[in-house]
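Below: one structure, written as structure tokens.
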Amino acid sequence: MPLHEPPPPLLAVSGDVLIAAHRPGHGSYKPRRRTPGRLSPYHRLFATPGARAFTAGNLLARIPMGMFSVSAVMMIAGSRGSYALAGAVTAAGFAATALVAPWTARLVDRYGQARVAVPATAVAVLGSLALLLCVRHDAPDWTLFAAYAATATTPNTGGMSRARWAHLHRDDPAARHTANSFEQAVDELCFMLGPVAAAFLCSALFPEAGTLTGAVLLMTGVLVFAAQRATEPPVAPRAKTARSPLRLPGVPALLTVFFATGVVFGSMEIVTLAFADGLGHSAAAGPVLALQAAGSCVAGLLYGSARPAADPYRRLLVCVAAMTALMSLPLLAASTGSLVTVAGALLPAGAATAPTMITGMALVQRVVPEAQLNEGMTLAVTAILGGIAAGSATGGRLAEHLTPASAYLAPVAAAGLATVFCVALRRPR
């Protein structure tokens, strides 16, 4: 019987009359609807009241994360004619972020997301606009460093979004797993589209267009996100003797895994740029690197549809080991001397990074108390940024002193180091 057709009526004969009667319980037939349990994990996730609104605001705020550094480099290098100065300014900005971001996150935990994120973002946006004006009006070089350092107050919007999911689904591990997977996919998407958008705006319009657009998107997104007060996690009481997340069992070891994973990202990016430039195809480096982010984005969404790990510590070890194995593919592909082959290898190589990050963030949420959750996740992001900076420096030196193809050993070695750190990870009580 077709699914959406009503059952046939009961037939009976009384004398010369044919009587047709509906079956009991089917006086008014209604088609069957899918039960909530049959909906996809992501459908059920966004069925949560308010989830779509704060996600939309957070997405607007996160797109500039992949725009600011590229925009700053293109703006400064185009005006001052020095990539060395542009690189030094952005490096100083990363260093300032590593110092300031955990303190900003601690304030978010103590006073609430809306009360801290909006003024912190306003300071960061003013720093971006000050950088734009300093470049535009040929201000001294030191003013560029000061202005860009002010952007370090940018709140960790991804961490705040993960904190909301953790609060909304604190009794549903499967939903938290899906939410962490979605957030990691959004990270990959933003860092894949952000540099492309920044390069297009700065080259097609004017050099300051990328920074200006990013500042507007950041401020608008944070305002929309902060306005969703119904989903904001309440400020949890924090004991005066509460230890820093850095002193909690398991956190330092987790941060070393995040740092080593950041080295994978940073070294892979700079080595691929050097490899493409050595073949005379530097313009194709961006789309080639986007394949790695695309592989990670797709893997993150698929990983979110799977069951959460019963033993996340063992799952993390499996993910990091898989990342080490897959990172050897670009090394083998580079030995052929073909950029197309390397591009094809980067797609599966990126597939293991998202599950590693998702499982690692889930462990941070398990180990760190709710009253310090934003600070704990921001420390993880800071460790990744530090790893990216170290990976860029290491990969650049290897690409300069070795062949670019041999420099692909850097991400493989970094992933292997992450595996060693993961083996040393102990389950906290």
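Labels used: A, B, ... for chains in the order of the structure tokens, numbers from 1 for residues in each chain, and numbers from 1 for ligands as shown.
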Subject >> Residue neighbourhood Thr178 of chain A, 12 Å, only C-alpha atoms, exclusion window fewer than 5 positions, as a PyMOL selection string >> reply: chain A and resi 40-46+162+165-166+169+172-173+183-185+300-309+355+358-359+362
Subject >> Contacts of Asp311 of chain A within 12 Å, only C-alpha atoms, excl. fewer than 4 positions in-chain, as a ChimeraX atom specification >> reply: /A:307,315-318,359,362-363,366,427
Name the residues in contact with segment 408-418 of chain A at a cut-off of 8 Å, using only C-alpha atoms, excluding same-chain residues fewer than 4 positions from it; report them as an mmCIF file with N, CA, C and O atoms, in the first residue's frame.
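The file below, out-v3.cif, is the result:
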data_model
loop_
_atom_site.group_PDB
_atom_site.id
_atom_site.type_symbol
_atom_site.label_atom_id
_atom_site.label_comp_id
_atom_site.auth_asym_id
_atom_site.auth_seq_id
_atom_site.Cartn_x
_atom_site.Cartn_y
_atom_site.Cartn_z
ATOM 1 N N THR A 256 49.394 20.925 23.997
ATOM 2 C CA THR A 256 50.534 20.532 23.157
ATOM 3 C C THR A 256 50.058 19.854 21.882
ATOM 4 O O THR A 256 50.659 20.037 20.816
ATOM 5 N N VAL A 257 48.978 19.078 21.975
ATOM 6 C CA VAL A 257 48.414 18.463 20.765
ATOM 7 C C VAL A 257 47.889 19.545 19.828
ATOM 8 O O VAL A 257 48.110 19.494 18.607
ATOM 9 N N PHE A 258 47.185 20.542 20.388
ATOM 10 C CA PHE A 258 46.692 21.641 19.558
ATOM 11 C C PHE A 258 47.852 22.421 18.934
ATOM 12 O O PHE A 258 47.777 22.827 17.780
ATOM 13 N N ALA A 260 50.890 21.321 18.161
ATOM 14 C CA ALA A 260 51.475 20.527 17.081
ATOM 15 C C ALA A 260 50.563 20.503 15.856
ATOM 16 O O ALA A 260 51.038 20.535 14.711
ATOM 17 N N THR A 261 49.254 20.476 16.083
ATOM 18 C CA THR A 261 48.315 20.531 14.951
ATOM 19 C C THR A 261 48.411 21.877 14.245
ATOM 20 O O THR A 261 48.320 21.952 13.016
ATOM 21 N N VAL A 263 51.120 23.609 14.006
ATOM 22 C CA VAL A 263 52.344 23.525 13.205
ATOM 23 C C VAL A 263 52.054 22.840 11.865
ATOM 24 O O VAL A 263 52.598 23.229 10.827
ATOM 25 N N VAL A 264 51.192 21.836 11.883
ATOM 26 C CA VAL A 264 50.794 21.177 10.628
ATOM 27 C C VAL A 264 50.174 22.195 9.679
ATOM 28 O O VAL A 264 50.533 22.273 8.492
ATOM 29 N N PHE A 265 49.227 22.998 10.192
ATOM 30 C CA PHE A 265 48.553 23.988 9.346
ATOM 31 C C PHE A 265 49.541 25.017 8.788
ATOM 32 O O PHE A 265 49.568 25.301 7.594
ATOM 33 N N SER A 267 52.918 25.027 8.551
ATOM 34 C CA SER A 267 53.964 24.530 7.658
ATOM 35 C C SER A 267 53.383 24.098 6.315
ATOM 36 O O SER A 267 53.988 24.341 5.264
ATOM 37 N N MET A 268 52.208 23.483 6.325
ATOM 38 C CA MET A 268 51.598 23.060 5.065
ATOM 39 C C MET A 268 51.305 24.258 4.170
ATOM 40 O O MET A 268 51.523 24.214 2.939
ATOM 41 N N VAL A 271 54.771 25.854 2.860
ATOM 42 C CA VAL A 271 55.470 24.932 1.958
ATOM 43 C C VAL A 271 54.737 24.823 0.626
ATOM 44 O O VAL A 271 55.362 24.783 -0.444
ATOM 45 N N VAL A 320 44.552 11.591 15.349
ATOM 46 C CA VAL A 320 45.884 12.165 15.149
ATOM 47 C C VAL A 320 46.760 11.199 14.356
ATOM 48 O O VAL A 320 47.539 11.619 13.486
ATOM 49 N N ALA A 321 46.645 9.904 14.635
ATOM 50 C CA ALA A 321 47.412 8.924 13.869
ATOM 51 C C ALA A 321 46.988 8.925 12.401
ATOM 52 O O ALA A 321 47.830 8.834 11.493
ATOM 53 N N MET A 323 45.768 11.511 10.850
ATOM 54 C CA MET A 323 46.294 12.750 10.279
ATOM 55 C C MET A 323 47.764 12.583 9.887
ATOM 56 O O MET A 323 48.193 13.066 8.837
ATOM 57 N N THR A 324 48.527 11.882 10.719
ATOM 58 C CA THR A 324 49.934 11.649 10.397
ATOM 59 C C THR A 324 50.074 10.845 9.114
ATOM 60 O O THR A 324 50.910 11.150 8.252
ATOM 61 N N ALA A 325 49.262 9.802 8.972
ATOM 62 C CA ALA A 325 49.336 8.973 7.761
ATOM 63 C C ALA A 325 48.924 9.758 6.519
ATOM 64 O O ALA A 325 49.578 9.679 5.466
ATOM 65 N N MET A 327 49.009 13.002 6.042
ATOM 66 C CA MET A 327 49.926 14.091 5.724
ATOM 67 C C MET A 327 51.106 13.622 4.882
ATOM 68 O O MET A 327 51.825 14.442 4.292
ATOM 69 N N SER A 328 51.321 12.318 4.822
ATOM 70 C CA SER A 328 52.398 11.799 3.967
ATOM 71 C C SER A 328 52.012 11.833 2.492
ATOM 72 O O SER A 328 52.887 11.741 1.621
ATOM 73 N N PRO A 330 50.755 14.446 0.579
ATOM 74 C CA PRO A 330 51.371 15.571 -0.144
ATOM 75 C C PRO A 330 52.878 15.416 -0.317
ATOM 76 O O PRO A 330 53.437 15.853 -1.323
ATOM 77 N N LEU A 331 53.550 14.798 0.670
ATOM 78 C CA LEU A 331 54.991 14.555 0.538
ATOM 79 C C LEU A 331 55.279 13.648 -0.650
ATOM 80 O O LEU A 331 56.186 13.921 -1.455
ATOM 81 N N ALA A 334 54.445 15.548 -3.921
ATOM 82 C CA ALA A 334 55.417 16.582 -4.295
ATOM 83 C C ALA A 334 56.624 15.995 -4.988
ATOM 84 O O ALA A 334 57.287 16.684 -5.782
ATOM 85 N N GLY A 391 54.982 26.860 12.727
ATOM 86 C CA GLY A 391 54.999 26.055 11.502
ATOM 87 C C GLY A 391 55.363 26.867 10.281
ATOM 88 O O GLY A 391 56.086 26.390 9.384
ATOM 89 N N THR A 394 59.146 27.443 10.481
ATOM 90 C CA THR A 394 59.891 26.213 10.204
ATOM 91 C C THR A 394 59.754 25.798 8.747
ATOM 92 O O THR A 394 60.744 25.451 8.087
ATOM 93 N N GLY A 395 58.535 25.825 8.235
ATOM 94 C CA GLY A 395 58.325 25.451 6.844
ATOM 95 C C GLY A 395 59.042 26.375 5.882
ATOM 96 O O GLY A 395 59.584 25.928 4.852
ATOM 97 N N LEU A 398 62.785 25.480 5.891
ATOM 98 C CA LEU A 398 63.030 24.212 5.187
ATOM 99 C C LEU A 398 62.876 24.389 3.680
ATOM 100 O O LEU A 398 63.653 23.837 2.890
ATOM 101 N N PRO A 404 61.516 22.589 -2.065
ATOM 102 C CA PRO A 404 60.141 22.705 -1.561
ATOM 103 C C PRO A 404 59.460 21.357 -1.392
ATOM 104 O O PRO A 404 58.649 21.175 -0.479
ATOM 105 N N CYS A 422 49.827 12.855 22.103
ATOM 106 C CA CYS A 422 48.526 12.238 22.379
ATOM 107 C C CYS A 422 48.693 10.930 23.141
ATOM 108 O O CYS A 422 47.886 10.606 24.009
#
Original post:
Within 12 Å of Gly57 of chain A, counting only C-alpha atoms, which residues qualify if same-chain residues fewer than 5 places away don't, as a list of chain:residue names?
Top reply: A:Gly50, A:Ala51, A:Arg52, A:Arg62, A:Ile63, A:Thr157, A:Gly158, A:Met160, A:Ser161, A:Leu217, A:Leu218, A:Met219, A:Thr220, A:Gly221, A:Val222, A:Leu223, A:Val224, A:Phe225, A:Ala226, A:Ala227, A:Gln228
Just write the chosen residues, N, CA, C and O atoms, as a PDB file, in the first residue's frame.
ATOM      1  N   GLY A  50      16.209  29.662  18.779  1.00  0.00           N
ATOM      2  CA  GLY A  50      17.271  30.659  18.845  1.00  0.00           C
ATOM      3  C   GLY A  50      18.585  30.250  18.232  1.00  0.00           C
ATOM      4  O   GLY A  50      19.484  31.081  18.073  1.00  0.00           O
ATOM      5  N   ALA A  51      18.719  28.972  17.861  1.00  0.00           N
ATOM      6  CA  ALA A  51      20.000  28.487  17.348  1.00  0.00           C
ATOM      7  C   ALA A  51      20.355  29.128  16.008  1.00  0.00           C
ATOM      8  O   ALA A  51      21.504  29.510  15.773  1.00  0.00           O
ATOM      9  N   ARG A  52      19.384  29.255  15.141  1.00  0.00           N
ATOM     10  CA  ARG A  52      19.672  29.817  13.820  1.00  0.00           C
ATOM     11  C   ARG A  52      20.065  31.288  13.911  1.00  0.00           C
ATOM     12  O   ARG A  52      20.941  31.756  13.172  1.00  0.00           O
ATOM     13  N   ARG A  62      32.664  35.670  12.078  1.00  0.00           N
ATOM     14  CA  ARG A  62      33.824  34.801  11.891  1.00  0.00           C
ATOM     15  C   ARG A  62      34.438  34.888  10.500  1.00  0.00           C
ATOM     16  O   ARG A  62      35.612  34.552  10.324  1.00  0.00           O
ATOM     17  N   ILE A  63      33.676  35.324   9.509  1.00  0.00           N
ATOM     18  CA  ILE A  63      34.249  35.451   8.167  1.00  0.00           C
ATOM     19  C   ILE A  63      35.465  36.379   8.160  1.00  0.00           C
ATOM     20  O   ILE A  63      36.477  36.076   7.510  1.00  0.00           O
ATOM     21  N   THR A 157      34.903  34.338  18.887  1.00  0.00           N
ATOM     22  CA  THR A 157      33.488  34.123  18.567  1.00  0.00           C
ATOM     23  C   THR A 157      33.159  32.645  18.397  1.00  0.00           C
ATOM     24  O   THR A 157      32.062  32.201  18.748  1.00  0.00           O
ATOM     25  N   GLY A 158      34.106  31.885  17.856  1.00  0.00           N
ATOM     26  CA  GLY A 158      33.863  30.451  17.730  1.00  0.00           C
ATOM     27  C   GLY A 158      33.732  29.775  19.077  1.00  0.00           C
ATOM     28  O   GLY A 158      32.878  28.897  19.275  1.00  0.00           O
ATOM     29  N   MET A 160      32.708  31.216  21.865  1.00  0.00           N
ATOM     30  CA  MET A 160      31.436  31.629  22.474  1.00  0.00           C
ATOM     31  C   MET A 160      30.277  30.848  21.878  1.00  0.00           C
ATOM     32  O   MET A 160      29.316  30.494  22.584  1.00  0.00           O
ATOM     33  N   SER A 161      30.340  30.572  20.579  1.00  0.00           N
ATOM     34  CA  SER A 161      29.275  29.783  19.956  1.00  0.00           C
ATOM     35  C   SER A 161      29.280  28.356  20.495  1.00  0.00           C
ATOM     36  O   SER A 161      28.222  27.786  20.801  1.00  0.00           O
ATOM     37  N   LEU A 217      31.773  43.703   8.955  1.00  0.00           N
ATOM     38  CA  LEU A 217      31.185  42.379   9.184  1.00  0.00           C
ATOM     39  C   LEU A 217      31.382  41.938  10.637  1.00  0.00           C
ATOM     40  O   LEU A 217      30.465  41.378  11.248  1.00  0.00           O
ATOM     41  N   LEU A 218      32.564  42.182  11.181  1.00  0.00           N
ATOM     42  CA  LEU A 218      32.841  41.761  12.558  1.00  0.00           C
ATOM     43  C   LEU A 218      31.912  42.458  13.543  1.00  0.00           C
ATOM     44  O   LEU A 218      31.293  41.810  14.398  1.00  0.00           O
ATOM     45  N   MET A 219      31.802  43.785  13.439  1.00  0.00           N
ATOM     46  CA  MET A 219      30.973  44.526  14.380  1.00  0.00           C
ATOM     47  C   MET A 219      29.503  44.151  14.237  1.00  0.00           C
ATOM     48  O   MET A 219      28.798  43.939  15.238  1.00  0.00           O
ATOM     49  N   THR A 220      29.032  44.021  12.993  1.00  0.00           N
ATOM     50  CA  THR A 220      27.629  43.652  12.764  1.00  0.00           C
ATOM     51  C   THR A 220      27.335  42.265  13.301  1.00  0.00           C
ATOM     52  O   THR A 220      26.317  42.034  13.975  1.00  0.00           O
ATOM     53  N   GLY A 221      28.222  41.315  13.012  1.00  0.00           N
ATOM     54  CA  GLY A 221      28.004  39.944  13.461  1.00  0.00           C
ATOM     55  C   GLY A 221      27.977  39.812  14.966  1.00  0.00           C
ATOM     56  O   GLY A 221      27.119  39.115  15.529  1.00  0.00           O
ATOM     57  N   VAL A 222      28.887  40.485  15.659  1.00  0.00           N
ATOM     58  CA  VAL A 222      28.915  40.398  17.126  1.00  0.00           C
ATOM     59  C   VAL A 222      27.676  41.052  17.736  1.00  0.00           C
ATOM     60  O   VAL A 222      27.124  40.550  18.723  1.00  0.00           O
ATOM     61  N   LEU A 223      27.215  42.155  17.155  1.00  0.00           N
ATOM     62  CA  LEU A 223      26.001  42.787  17.665  1.00  0.00           C
ATOM     63  C   LEU A 223      24.790  41.859  17.511  1.00  0.00           C
ATOM     64  O   LEU A 223      23.963  41.740  18.432  1.00  0.00           O
ATOM     65  N   VAL A 224      24.668  41.206  16.353  1.00  0.00           N
ATOM     66  CA  VAL A 224      23.562  40.265  16.142  1.00  0.00           C
ATOM     67  C   VAL A 224      23.680  39.087  17.104  1.00  0.00           C
ATOM     68  O   VAL A 224      22.703  38.638  17.707  1.00  0.00           O
ATOM     69  N   PHE A 225      24.893  38.566  17.252  1.00  0.00           N
ATOM     70  CA  PHE A 225      25.125  37.424  18.134  1.00  0.00           C
ATOM     71  C   PHE A 225      24.808  37.780  19.581  1.00  0.00           C
ATOM     72  O   PHE A 225      24.126  37.028  20.288  1.00  0.00           O
ATOM     73  N   ALA A 226      25.293  38.931  20.043  1.00  0.00           N
ATOM     74  CA  ALA A 226      25.081  39.322  21.442  1.00  0.00           C
ATOM     75  C   ALA A 226      23.619  39.634  21.736  1.00  0.00           C
ATOM     76  O   ALA A 226      23.181  39.517  22.884  1.00  0.00           O
ATOM     77  N   ALA A 227      22.861  40.006  20.696  1.00  0.00           N
ATOM     78  CA  ALA A 227      21.449  40.334  20.912  1.00  0.00           C
ATOM     79  C   ALA A 227      20.606  39.106  21.228  1.00  0.00           C
ATOM     80  O   ALA A 227      19.490  39.242  21.751  1.00  0.00           O
ATOM     81  N   GLN A 228      21.103  37.922  20.956  1.00  0.00           N
ATOM     82  CA  GLN A 228      20.349  36.687  21.213  1.00  0.00           C
ATOM     83  C   GLN A 228      20.566  36.265  22.666  1.00  0.00           C
ATOM     84  O   GLN A 228      21.289  35.310  22.973  1.00  0.00           O
TER      85      GLN A 228
END
**OP:** Would you list, as a PyMOL selection string, the residues of segment 52-269 of chain A that end up in helix (DSSP H, G or I) under DSSP run on this structure's backbone?
**Re:** chain A and resi 52-66+68-80+83-111+113-136+141-153+157-168+173-204+209-227+229-231+245-247+251-269
Subject >> Surrounding residues of segment 371-385 of chain A excluding itself and chain neighbours under 3 positions, 9 Å, only C-alpha atoms, as a PyMOL selection string >> reply: chain A and resi 94-95+97-99+101-110+155-156+158-160+162-163+235-238+244-246+251+254-263+265-266+360-361+364-365+368+388-390
Please provide the set of residues having any atom within 8 Å of Val89 of chain A, restricted to only C-alpha atoms, with same-chain residues fewer than 5 positions apart removed, written as an mmCIF file with C-alpha atoms, in the first residue's frame.
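Here's the written file part_31.cif:
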data_model
loop_
_atom_site.group_PDB
_atom_site.id
_atom_site.type_symbol
_atom_site.label_atom_id
_atom_site.label_comp_id
_atom_site.auth_asym_id
_atom_site.auth_seq_id
_atom_site.Cartn_x
_atom_site.Cartn_y
_atom_site.Cartn_z
ATOM 1 C CA LEU A 144 51.087 50.305 12.188
ATOM 2 C CA PHE A 145 52.292 47.965 14.936
ATOM 3 C CA TYR A 148 47.208 46.289 14.603
#
